[in-house]
Every structure is written in structure tokens, then in C-alpha cells.
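Right, one structure below, let's go through it.
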Amino acid sequence: MTETTQTLPPNLDKIVKRFQRSQDPKRRIEQLIDYAKKLPPFPDTDKVEENKVPGCVSQVYVTATLEDGKLHYQADSDAQLTKGLVALLVRGLDGLSPEEVATLSGDFIQETGLCVNLTPSRANGFYNIFETMKKKAIAASTQ
């Protein structure tokens with residue numbers, strides 16, 4: 001396990017450390033499913049092309065709104081495991097400023113250890129979701 005080269009926001013840091021502590025691949029997947037179950041409902045009206053994450057095999061949708069300088073994400077996926085990945089990111093990035101999200105590197109994804117449990121296409125989708133959330137952060141800050 002390598003040391004984090006960037007300072008992560010507190011919620012994201014806590015999540016990364018939680019996954020690092022779990023060496024059991026089955027337990028990591030169970031943790032993702034737990035995140036998926038806790039994701040708030042996503043409005044069907046937001047399941048539109050502009051909110052769809054490109055490059056994911058599953059259908060994944062993300063929205064970001066800016067309130068008092070802080071981002072608030074909503075997301076959904078039609079696949080439970082991918083829903084867990086997007087829920088992890090929502091929990092880790094929600095409440096940050098657009099600048100905090102925009103400057104964040106995706107290195108933390110590898111540090112979770114989850115990529116060894118995921119198919120290459122799902123691991124790639126995890127990065128695509130994160131990059132989409134970064135783009136949504138930047139877009140929200142310019143509106």
C-alpha cells in the first residue's frame with residue numbers, strides 16, 4: 001500500500017481508508033453494495049443524455065448543483081456495483097467547493113484497492129464517473 005501523495009478531503013479520506021483496511025475482496029464488494037443501498041433516489045426527469053456518464057457499460061447518471069459555494073451531487077446507475085461506485089464518489093465529494101473537486105487527482109481510486117476487484121471495463125467506468133463529476137463541478141461553478 002502506498003502513501004497518499006495528495007491530501008484528500010476528509011470524507012473521501014475516510015472512505016479510502018475504510019477500503020484499505022479491508023483486504024477481503026468479498027467484503028469490499030459488500031461495502032460497495034452498502035453504499036449503493038444508501039444512495040438517495042434519483043429523479044427520472046434527470047435521466048437525460050446530458051447527465052449520462054460516457055464510457056460506462058452501465059447506465060450512470062450524475063448531476064451537480066452549487067449551493068452557497070458547495071457542490072451537491074445526485075447520481076444513479078442501473079447496475080448495483082456501479083451504483084456503489086458512484087455512491088462512494090457522491091459521499092466523498094459532496095459538500096466540497098468546485099475548486100476542491102476540480103483539483104483532485106483520481107489517484108485515490110487506485111488507493112482504495114477496489115480496482116483489483118473490478119473488471120477492467122468497470123474500473124475504467126469508475127474513472128469516467130469521477131472525471132464526469134469533476135466536469136460537472138467546473139460547469140456548476142461557471143453558472
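Starting from 1 in every chain, residues are counted up; chains themselves are A, B, ... following the order of the C-alpha cells, and ligands are numbered from 1 as listed.
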Worksheet item: Residues at most 8 Å from A:Leu8, counting only C-alpha atoms, excluding those fewer than 3 positions away in the same chain, as a ChimeraX atom specification?
Response: /A:12-13,104
Output N, CA and C atoms of each residue in that selection to a file, as a compact mmCIF listing (two decimals), in the first residue's frame.
```txt
# COMPACT_ATOMS: atom_id res chain seq x y z
N LEU A 12 -13.70 11.83 1.78
CA LEU A 12 -13.08 10.94 0.82
C LEU A 12 -11.93 10.17 1.46
N ASP A 13 -11.15 10.83 2.29
CA ASP A 13 -10.05 10.18 3.00
C ASP A 13 -10.57 9.04 3.86
N LEU A 104 -8.66 17.79 -7.66
CA LEU A 104 -8.45 16.46 -7.09
C LEU A 104 -7.98 15.48 -8.17
```
Set the distance at 8 Å and use only C-alpha atoms: which residues neighbour A:Ala102 once local chain neighbours fewer than 5 positions away are removed? I'd like the list as a CSV table (one decimal) with C-alpha atoms, in the first residue's frame.
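The resulting part_35.csv:
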```
chain,number,residue,atom,x,y,z
A,134,LYS,CA,-15.1,16.9,-12.0
A,135,LYS,CA,-16.5,18.4,-15.2
A,137,ALA,CA,-18.1,20.7,-10.7
A,138,ILE,CA,-16.4,23.1,-13.1
```
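Near A:Gln20, within 10 Å and counting only C-alpha atoms, sit A:Met1, A:Lys14, A:Arg28, A:Glu111, A:Thr112, A:Gly113, A:Leu114; same-chain residues fewer than 6 positions away were not included.
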For those residues, write all heavy atoms to a file as an mmCIF file, in the first residue's frame.
```cif
data_model
loop_
_atom_site.group_PDB
_atom_site.id
_atom_site.type_symbol
_atom_site.label_atom_id
_atom_site.label_comp_id
_atom_site.auth_asym_id
_atom_site.auth_seq_id
_atom_site.Cartn_x
_atom_site.Cartn_y
_atom_site.Cartn_z
ATOM 1 N N MET A 1 0.836 -1.167 0.000
ATOM 2 C CA MET A 1 0.000 0.000 0.000
ATOM 3 C C MET A 1 0.889 1.241 0.000
ATOM 4 O O MET A 1 1.801 1.354 0.789
ATOM 5 C CB MET A 1 -0.867 -0.041 1.258
ATOM 6 C CG MET A 1 -2.150 0.660 1.093
ATOM 7 S SD MET A 1 -3.239 0.503 2.545
ATOM 8 C CE MET A 1 -3.135 -1.212 2.965
ATOM 9 N N LYS A 14 -11.675 9.286 4.564
ATOM 10 C CA LYS A 14 -12.268 8.264 5.431
ATOM 11 C C LYS A 14 -12.702 7.041 4.610
ATOM 12 O O LYS A 14 -12.493 5.896 5.012
ATOM 13 C CB LYS A 14 -13.472 8.865 6.162
ATOM 14 C CG LYS A 14 -14.028 7.977 7.252
ATOM 15 C CD LYS A 14 -15.304 8.551 7.872
ATOM 16 C CE LYS A 14 -15.096 9.919 8.457
ATOM 17 N NZ LYS A 14 -16.315 10.447 9.116
ATOM 18 N N ARG A 28 -15.060 -5.957 0.389
ATOM 19 C CA ARG A 28 -15.033 -4.697 -0.364
ATOM 20 C C ARG A 28 -16.281 -4.554 -1.231
ATOM 21 O O ARG A 28 -16.872 -3.478 -1.314
ATOM 22 C CB ARG A 28 -13.782 -4.613 -1.232
ATOM 23 C CG ARG A 28 -12.532 -4.329 -0.458
ATOM 24 C CD ARG A 28 -11.354 -4.238 -1.391
ATOM 25 N NE ARG A 28 -10.147 -3.913 -0.651
ATOM 26 C CZ ARG A 28 -8.940 -4.140 -1.105
ATOM 27 N NH1 ARG A 28 -8.759 -4.669 -2.300
ATOM 28 N NH2 ARG A 28 -7.893 -3.816 -0.373
ATOM 29 N N GLU A 111 -5.882 3.797 -4.780
ATOM 30 C CA GLU A 111 -5.556 3.597 -3.370
ATOM 31 C C GLU A 111 -6.646 2.860 -2.601
ATOM 32 O O GLU A 111 -6.380 2.275 -1.561
ATOM 33 C CB GLU A 111 -5.278 4.956 -2.707
ATOM 34 C CG GLU A 111 -4.007 5.597 -3.229
ATOM 35 C CD GLU A 111 -3.866 7.049 -2.785
ATOM 36 O OE1 GLU A 111 -4.542 7.458 -1.826
ATOM 37 O OE2 GLU A 111 -3.074 7.760 -3.415
ATOM 38 N N THR A 112 -7.879 2.872 -3.095
ATOM 39 C CA THR A 112 -8.959 2.144 -2.422
ATOM 40 C C THR A 112 -8.733 0.641 -2.504
ATOM 41 O O THR A 112 -9.255 -0.105 -1.688
ATOM 42 C CB THR A 112 -10.339 2.440 -3.044
ATOM 43 O OG1 THR A 112 -10.350 1.975 -4.404
ATOM 44 C CG2 THR A 112 -10.710 3.903 -2.955
ATOM 45 N N GLY A 113 -7.974 0.210 -3.514
ATOM 46 C CA GLY A 113 -7.772 -1.221 -3.721
ATOM 47 C C GLY A 113 -8.927 -1.875 -4.452
ATOM 48 O O GLY A 113 -8.918 -3.077 -4.697
ATOM 49 N N LEU A 114 -9.928 -1.105 -4.816
ATOM 50 C CA LEU A 114 -11.104 -1.670 -5.470
ATOM 51 C C LEU A 114 -10.836 -2.157 -6.888
ATOM 52 O O LEU A 114 -11.491 -3.083 -7.353
ATOM 53 C CB LEU A 114 -12.231 -0.632 -5.509
ATOM 54 C CG LEU A 114 -12.994 -0.446 -4.208
ATOM 55 C CD1 LEU A 114 -13.853 0.805 -4.276
ATOM 56 C CD2 LEU A 114 -13.846 -1.669 -3.921
#
```
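Distances to A:Thr65 were evaluated for A:Arg122, A:Arg21, A:Lys136, A:Lys83 using only C-alpha atoms, and the minimum falls at A:Lys136.
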Discussion item. So that I can check the surroundings of A:Pro40, please list as number ranges by chain every protein, DNA and RNA residue that reaches within 10 Å of it, counting only C-alpha atoms and ignoring chain neighbours fewer than 4 positions away.
Written reply: A: 36, 74-76, 87
Item to complete: Would you please give, as a ChimeraX atom specification, all residues of chain A that DSSP assigns to strand (DSSP E or B) based on the backbone?
Response: /A:52,60-67,70-77
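With only C-alpha atoms as the basis for measurement, A:Val62 is the residue among A:Leu96, A:Ala123, A:Val62, A:Val53 that approaches A:Pro41 most closely.
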Item to complete: Might you pull out every residue within 12 Å of A:Asp94, with only C-alpha atoms counted and same-chain residues fewer than 2 positions away left off, and present them as a PyMOL selection string?
Response: chain A and resi 9-12+63-67+69-75+86-92+96-98+100-101+133-134+137
Same residues, N, CA and C atoms, output as a PDB file, in the first residue's frame:
```pdb
ATOM      1  N   PRO A   9      -9.889  15.307   0.750  1.00  0.00           N
ATOM      2  CA  PRO A   9     -10.920  15.899   1.604  1.00  0.00           C
ATOM      3  C   PRO A   9     -11.326  14.869   2.676  1.00  0.00           C
ATOM      4  N   PRO A  10     -11.727  15.315   3.865  1.00  0.00           N
ATOM      5  CA  PRO A  10     -11.990  14.396   4.979  1.00  0.00           C
ATOM      6  C   PRO A  10     -12.928  13.224   4.678  1.00  0.00           C
ATOM      7  N   ASN A  11     -14.064  13.476   4.037  1.00  0.00           N
ATOM      8  CA  ASN A  11     -14.994  12.368   3.750  1.00  0.00           C
ATOM      9  C   ASN A  11     -14.380  11.348   2.804  1.00  0.00           C
ATOM     10  N   LEU A  12     -13.701  11.829   1.780  1.00  0.00           N
ATOM     11  CA  LEU A  12     -13.077  10.937   0.815  1.00  0.00           C
ATOM     12  C   LEU A  12     -11.930  10.165   1.459  1.00  0.00           C
ATOM     13  N   THR A  63     -25.721  14.445 -11.530  1.00  0.00           N
ATOM     14  CA  THR A  63     -26.000  15.870 -11.577  1.00  0.00           C
ATOM     15  C   THR A  63     -25.225  16.547 -10.455  1.00  0.00           C
ATOM     16  N   ALA A  64     -24.944  17.823 -10.639  1.00  0.00           N
ATOM     17  CA  ALA A  64     -24.266  18.618  -9.605  1.00  0.00           C
ATOM     18  C   ALA A  64     -24.929  19.982  -9.531  1.00  0.00           C
ATOM     19  N   THR A  65     -25.229  20.402  -8.327  1.00  0.00           N
ATOM     20  CA  THR A  65     -25.761  21.736  -8.108  1.00  0.00           C
ATOM     21  C   THR A  65     -24.844  22.451  -7.122  1.00  0.00           C
ATOM     22  N   LEU A  66     -24.825  23.748  -7.225  1.00  0.00           N
ATOM     23  CA  LEU A  66     -23.975  24.568  -6.364  1.00  0.00           C
ATOM     24  C   LEU A  66     -24.870  25.401  -5.457  1.00  0.00           C
ATOM     25  N   GLU A  67     -24.691  25.223  -4.149  1.00  0.00           N
ATOM     26  CA  GLU A  67     -25.441  25.999  -3.159  1.00  0.00           C
ATOM     27  C   GLU A  67     -24.458  26.554  -2.152  1.00  0.00           C
ATOM     28  N   GLY A  69     -21.702  27.975  -2.498  1.00  0.00           N
ATOM     29  CA  GLY A  69     -20.316  27.647  -2.817  1.00  0.00           C
ATOM     30  C   GLY A  69     -19.938  26.193  -2.644  1.00  0.00           C
ATOM     31  N   LYS A  70     -20.904  25.341  -2.311  1.00  0.00           N
ATOM     32  CA  LYS A  70     -20.639  23.910  -2.098  1.00  0.00           C
ATOM     33  C   LYS A  70     -21.418  23.080  -3.112  1.00  0.00           C
ATOM     34  N   LEU A  71     -20.768  22.034  -3.603  1.00  0.00           N
ATOM     35  CA  LEU A  71     -21.396  21.145  -4.571  1.00  0.00           C
ATOM     36  C   LEU A  71     -22.281  20.112  -3.882  1.00  0.00           C
ATOM     37  N   HIS A  72     -23.373  19.794  -4.552  1.00  0.00           N
ATOM     38  CA  HIS A  72     -24.252  18.721  -4.088  1.00  0.00           C
ATOM     39  C   HIS A  72     -24.539  17.832  -5.290  1.00  0.00           C
ATOM     40  N   TYR A  73     -24.124  16.590  -5.166  1.00  0.00           N
ATOM     41  CA  TYR A  73     -24.272  15.626  -6.256  1.00  0.00           C
ATOM     42  C   TYR A  73     -25.466  14.720  -6.018  1.00  0.00           C
ATOM     43  N   GLN A  74     -26.063  14.311  -7.130  1.00  0.00           N
ATOM     44  CA  GLN A  74     -27.044  13.236  -7.145  1.00  0.00           C
ATOM     45  C   GLN A  74     -26.613  12.307  -8.260  1.00  0.00           C
ATOM     46  N   ALA A  75     -26.856  11.017  -8.062  1.00  0.00           N
ATOM     47  CA  ALA A  75     -26.418  10.060  -9.075  1.00  0.00           C
ATOM     48  C   ALA A  75     -27.227   8.775  -8.989  1.00  0.00           C
ATOM     49  N   VAL A  86     -20.552   4.924  -7.732  1.00  0.00           N
ATOM     50  CA  VAL A  86     -20.996   6.310  -7.865  1.00  0.00           C
ATOM     51  C   VAL A  86     -21.436   6.845  -6.493  1.00  0.00           C
ATOM     52  N   ALA A  87     -22.023   6.000  -5.656  1.00  0.00           N
ATOM     53  CA  ALA A  87     -22.425   6.420  -4.302  1.00  0.00           C
ATOM     54  C   ALA A  87     -21.199   6.761  -3.462  1.00  0.00           C
ATOM     55  N   LEU A  88     -20.145   5.981  -3.600  1.00  0.00           N
ATOM     56  CA  LEU A  88     -18.878   6.256  -2.909  1.00  0.00           C
ATOM     57  C   LEU A  88     -18.375   7.641  -3.298  1.00  0.00           C
ATOM     58  N   LEU A  89     -18.401   7.945  -4.574  1.00  0.00           N
ATOM     59  CA  LEU A  89     -17.928   9.244  -5.049  1.00  0.00           C
ATOM     60  C   LEU A  89     -18.833  10.382  -4.595  1.00  0.00           C
ATOM     61  N   VAL A  90     -20.140  10.157  -4.626  1.00  0.00           N
ATOM     62  CA  VAL A  90     -21.077  11.191  -4.163  1.00  0.00           C
ATOM     63  C   VAL A  90     -20.788  11.494  -2.691  1.00  0.00           C
ATOM     64  N   ARG A  91     -20.662  10.464  -1.894  1.00  0.00           N
ATOM     65  CA  ARG A  91     -20.410  10.675  -0.463  1.00  0.00           C
ATOM     66  C   ARG A  91     -19.061  11.358  -0.228  1.00  0.00           C
ATOM     67  N   GLY A  92     -18.071  10.993  -1.012  1.00  0.00           N
ATOM     68  CA  GLY A  92     -16.730  11.554  -0.824  1.00  0.00           C
ATOM     69  C   GLY A  92     -16.562  12.971  -1.333  1.00  0.00           C
ATOM     70  N   LEU A  96     -18.075  19.699  -1.170  1.00  0.00           N
ATOM     71  CA  LEU A  96     -16.806  20.363  -1.488  1.00  0.00           C
ATOM     72  C   LEU A  96     -17.058  21.544  -2.408  1.00  0.00           C
ATOM     73  N   SER A  97     -16.078  22.425  -2.503  1.00  0.00           N
ATOM     74  CA  SER A  97     -16.182  23.521  -3.456  1.00  0.00           C
ATOM     75  C   SER A  97     -15.817  22.999  -4.845  1.00  0.00           C
ATOM     76  N   PRO A  98     -16.261  23.673  -5.894  1.00  0.00           N
ATOM     77  CA  PRO A  98     -15.875  23.254  -7.244  1.00  0.00           C
ATOM     78  C   PRO A  98     -14.352  23.192  -7.416  1.00  0.00           C
ATOM     79  N   GLU A 100     -12.080  22.514  -5.134  1.00  0.00           N
ATOM     80  CA  GLU A 100     -11.551  21.315  -4.457  1.00  0.00           C
ATOM     81  C   GLU A 100     -11.724  20.077  -5.323  1.00  0.00           C
ATOM     82  N   VAL A 101     -12.885  19.948  -5.940  1.00  0.00           N
ATOM     83  CA  VAL A 101     -13.137  18.780  -6.791  1.00  0.00           C
ATOM     84  C   VAL A 101     -12.298  18.867  -8.067  1.00  0.00           C
ATOM     85  N   MET A 133     -17.788  13.852 -12.781  1.00  0.00           N
ATOM     86  CA  MET A 133     -18.110  14.651 -11.597  1.00  0.00           C
ATOM     87  C   MET A 133     -17.220  15.889 -11.521  1.00  0.00           C
ATOM     88  N   LYS A 134     -15.973  15.754 -11.941  1.00  0.00           N
ATOM     89  CA  LYS A 134     -15.083  16.919 -11.993  1.00  0.00           C
ATOM     90  C   LYS A 134     -15.591  17.936 -13.012  1.00  0.00           C
ATOM     91  N   ALA A 137     -18.507  19.746 -11.697  1.00  0.00           N
ATOM     92  CA  ALA A 137     -18.095  20.730 -10.684  1.00  0.00           C
ATOM     93  C   ALA A 137     -17.681  22.033 -11.356  1.00  0.00           C
TER      94      ALA A 137
END
```
Worksheet entry | Given only C-alpha atoms as the counted atoms, nearest of A:Val48, A:Ile109, A:Ile15, A:Leu118 to A:Thr82 | A:Leu118
Discussion item. Need the shell around stretch 55-58 of chain A: protein/DNA/RNA residues with any atom at most 12 Å away, counting only C-alpha atoms. Skip same-chain ones fewer than 6 positions apart. Format as a PyMOL selection string?
Written reply: chain A and resi 76-83+85-86+119-132
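The interatomic distance for the pair atom CA of A:Lys47 and atom CA of A:Tyr61 works out to 6.3 Å.
Across the structure, atom CA of A:Gly106 and atom CA of A:Gly84 are spaced 17.0 Å apart.
Coordinates place atom CA of A:Val60 at a distance of 18.4 Å from atom CA of A:Ala139.
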